[in-house]
>>> print(open('input.cif').read())   # mmCIF, C-alpha atoms
data_model
loop_
_atom_site.label_atom_id
_atom_site.label_comp_id
_atom_site.auth_asym_id
_atom_site.auth_seq_id
_atom_site.Cartn_x
_atom_site.Cartn_y
_atom_site.Cartn_z
CA ASP A 29 25.66 -32.54 -37.86
CA ARG A 30 24.78 -34.88 -40.71
CA GLY A 31 21.08 -33.95 -40.70
CA ALA A 32 21.78 -30.24 -41.08
CA LYS A 33 24.21 -30.92 -43.95
CA SER A 34 21.58 -33.03 -45.72
CA LEU A 35 19.09 -30.18 -45.46
CA GLN A 36 21.67 -27.77 -46.89
CA LEU A 37 22.26 -30.06 -49.87
CA LEU A 38 18.52 -30.05 -50.53
CA HIS A 39 18.45 -26.24 -50.18
CA ALA A 40 15.99 -26.65 -47.33
CA ASN A 41 15.75 -25.51 -43.73
CA LEU A 42 13.58 -26.39 -40.80
CA VAL A 43 10.41 -24.39 -41.20
CA ARG A 44 10.16 -20.71 -40.24
CA ILE A 45 6.82 -19.68 -38.75
CA ARG A 46 5.71 -16.12 -39.46
CA ASN A 47 2.27 -15.95 -37.81
CA GLN A 48 -0.31 -17.92 -35.86
CA GLU A 49 -1.97 -19.25 -39.00
CA GLU A 50 1.32 -20.84 -40.13
CA ASN A 51 1.97 -22.07 -36.58
CA VAL A 52 -1.33 -23.96 -36.46
CA TYR A 53 -0.87 -25.25 -40.04
CA VAL A 54 2.60 -26.67 -39.35
CA GLN A 55 1.50 -28.33 -36.14
CA HIS A 56 -1.53 -29.88 -37.83
CA ARG A 57 0.81 -31.33 -40.49
CA LEU A 58 2.56 -33.13 -37.63
CA ASN A 59 -0.81 -34.53 -36.49
CA GLY A 60 -0.53 -32.67 -33.21
CA ALA A 61 2.80 -34.24 -32.24
CA LYS A 62 5.82 -32.30 -31.02
CA GLY A 63 8.05 -31.15 -33.86
CA TRP A 64 11.18 -29.17 -34.63
CA ILE A 65 10.98 -25.70 -36.11
CA GLY A 66 13.95 -23.73 -37.41
CA LEU A 67 14.36 -21.42 -34.42
CA THR A 68 17.57 -21.62 -32.39
CA ASP A 69 19.88 -19.62 -30.15
CA LEU A 70 22.92 -21.81 -30.90
CA ARG A 71 24.91 -18.85 -32.27
CA THR A 72 24.22 -16.43 -29.40
CA GLU A 73 22.63 -17.62 -26.17
CA GLY A 74 19.29 -15.90 -25.61
CA THR A 75 19.07 -14.49 -29.15
CA PHE A 76 16.81 -16.74 -31.18
CA LYS A 77 17.24 -16.75 -34.96
CA TRP A 78 15.61 -18.67 -37.79
CA ALA A 79 17.70 -21.31 -39.61
CA ASP A 80 17.31 -19.33 -42.87
CA ASN A 81 18.53 -16.13 -41.14
CA GLN A 82 15.18 -14.36 -41.55
CA THR A 83 14.05 -11.89 -38.90
CA VAL A 84 12.08 -13.27 -35.95
CA ASN A 85 8.78 -11.37 -35.99
CA PHE A 86 6.58 -14.00 -34.37
CA THR A 87 7.01 -16.37 -31.44
CA TYR A 88 4.52 -18.46 -29.48
CA TRP A 89 6.35 -19.55 -26.35
CA ALA A 90 4.68 -21.63 -23.67
CA GLU A 91 4.54 -20.11 -20.20
CA ASN A 92 8.02 -19.64 -18.67
CA GLN A 93 9.71 -20.50 -21.99
CA PRO A 94 12.33 -20.26 -23.28
CA ASN A 95 14.12 -21.20 -20.06
CA ASN A 96 17.41 -22.71 -21.32
CA PHE A 97 17.04 -25.62 -18.88
CA ARG A 98 20.27 -27.63 -19.18
CA ASN A 99 21.46 -25.47 -22.10
CA GLU A 100 18.50 -25.88 -24.48
CA ASP A 101 19.24 -24.20 -27.81
CA CYS A 102 16.65 -25.58 -30.25
CA VAL A 103 12.89 -25.09 -30.41
CA HIS A 104 10.03 -27.49 -30.91
CA THR A 105 6.30 -27.11 -31.06
CA LEU A 106 4.31 -28.67 -28.26
CA GLY A 107 1.36 -29.68 -30.42
CA VAL A 108 -2.39 -29.37 -30.34
CA ARG A 109 -2.81 -30.60 -26.75
CA HIS A 110 -0.65 -27.70 -25.54
CA GLY A 111 -2.32 -24.93 -27.51
CA PHE A 112 0.26 -24.89 -30.33
CA MET A 113 2.85 -23.32 -28.01
CA TRP A 114 6.66 -23.59 -28.35
CA ASN A 115 9.41 -24.78 -26.01
CA ASP A 116 13.20 -24.64 -26.07
CA VAL A 117 14.76 -28.10 -25.90
CA ASP A 118 18.04 -29.97 -26.21
CA CYS A 119 19.08 -30.07 -29.88
CA ASN A 120 19.90 -33.77 -29.61
CA SER A 121 16.32 -34.76 -28.81
CA CYS A 122 14.50 -36.72 -31.49
CA ARG A 123 11.45 -34.94 -32.93
CA ASN A 124 9.31 -34.81 -36.05
CA TYR A 125 10.02 -31.87 -38.33
CA THR A 126 8.75 -29.84 -41.26
CA CYS A 127 11.11 -28.34 -43.83
CA SER A 128 10.73 -25.49 -46.26
CA GLU A 129 12.71 -24.89 -49.41
CA GLY A 130 14.98 -21.91 -49.19
#
>>> encode(input="input.cif", output="structure tokens")
Amino acid sequence: DRGAKSLQLLHANLVRIRNQEENVYVQHRLNGAKGWIGLTDLRTEGTFKWADNQTVNFTYWAENQPNNFRNEDCVHTLGVRHGFMWNDVDCNSCRNYTCSEG
């Protein structure tokens, strides 16, 4: 994936969210729109990991999520209108994103 390689060259990853304060902050930076975060279960189905390999200590899934509908392996935020919750989604969907330097 060209986008992932570009992020690696910049020594950056999709953002890791460690608590509710960071969750709200990141989603406000996207002006309430849906946006990618660096959480994925691409390596092992059902085991979500951060792109920077840090431990997952915080999640904020929407009701009945993650559900792996049609093999969804990436995670996006649902934005302000949906209470800052998260959803698993197809990795090929187009979304806004926030990066952090690693």
>>> resolve_selection(input="input.cif", expression="the PyMOL selection byres ((chain A and resi 93) around 8)", output="number ranges by chain")
A: 89-92, 94-95, 114-116
>>> resolve_selection(input="input.cif", expression="the PyMOL selection byres ((chain A and resi 121) around 10)", output="VMD selection string")
chain A and resid 64 102 104 117 to 120 122 to 123
>>> closest_atom_pairs(input="input.cif", of="range 67-109 of chain A", to="range 47-53 of chain A", cutoff="9 Å", atoms="all atoms listed in the file", output="JSON lines")
{"residue": "A:Asn85", "atom": "CA", "partner": "A:Asn47", "partner_atom": "CA", "distance": 8.2}
{"residue": "A:Phe86", "atom": "CA", "partner": "A:Asn47", "partner_atom": "CA", "distance": 5.8}
{"residue": "A:Thr87", "atom": "CA", "partner": "A:Asn47", "partner_atom": "CA", "distance": 8.0}
{"residue": "A:Tyr88", "atom": "CA", "partner": "A:Gln48", "partner_atom": "CA", "distance": 8.0}
{"residue": "A:Thr105", "atom": "CA", "partner": "A:Asn51", "partner_atom": "CA", "distance": 8.6}
{"residue": "A:Gly107", "atom": "CA", "partner": "A:Val52", "partner_atom": "CA", "distance": 8.7}
{"residue": "A:Val108", "atom": "CA", "partner": "A:Val52", "partner_atom": "CA", "distance": 8.2}
>>> write_last_selection(input="input.cif", atoms="C-alpha atoms", output="JSON list (two decimals), keeping the file's coordinate frame")
[["chain", "number", "residue", "atom", "x", "y", "z"],
["A", 85, "ASN", "CA", 8.78, -11.37, -35.99],
["A", 86, "PHE", "CA", 6.58, -14.00, -34.37],
["A", 87, "THR", "CA", 7.01, -16.37, -31.44],
["A", 88, "TYR", "CA", 4.52, -18.46, -29.48],
["A", 105, "THR", "CA", 6.30, -27.11, -31.06],
["A", 107, "GLY", "CA", 1.36, -29.68, -30.42],
["A", 108, "VAL", "CA", -2.39, -29.37, -30.34]]
>>> closest_residue(input="input.cif", among="A:Gln82, A:Gly111, A:Asp101, A:Asn124", to="Arg46 in chain A", atoms="all atoms listed in the file")
A:Gln82
>>> atom_distance(input="input.cif", atom1="CA of Lys77 in chain A", atom2="CA of Val43 in chain A")
12.0 Å
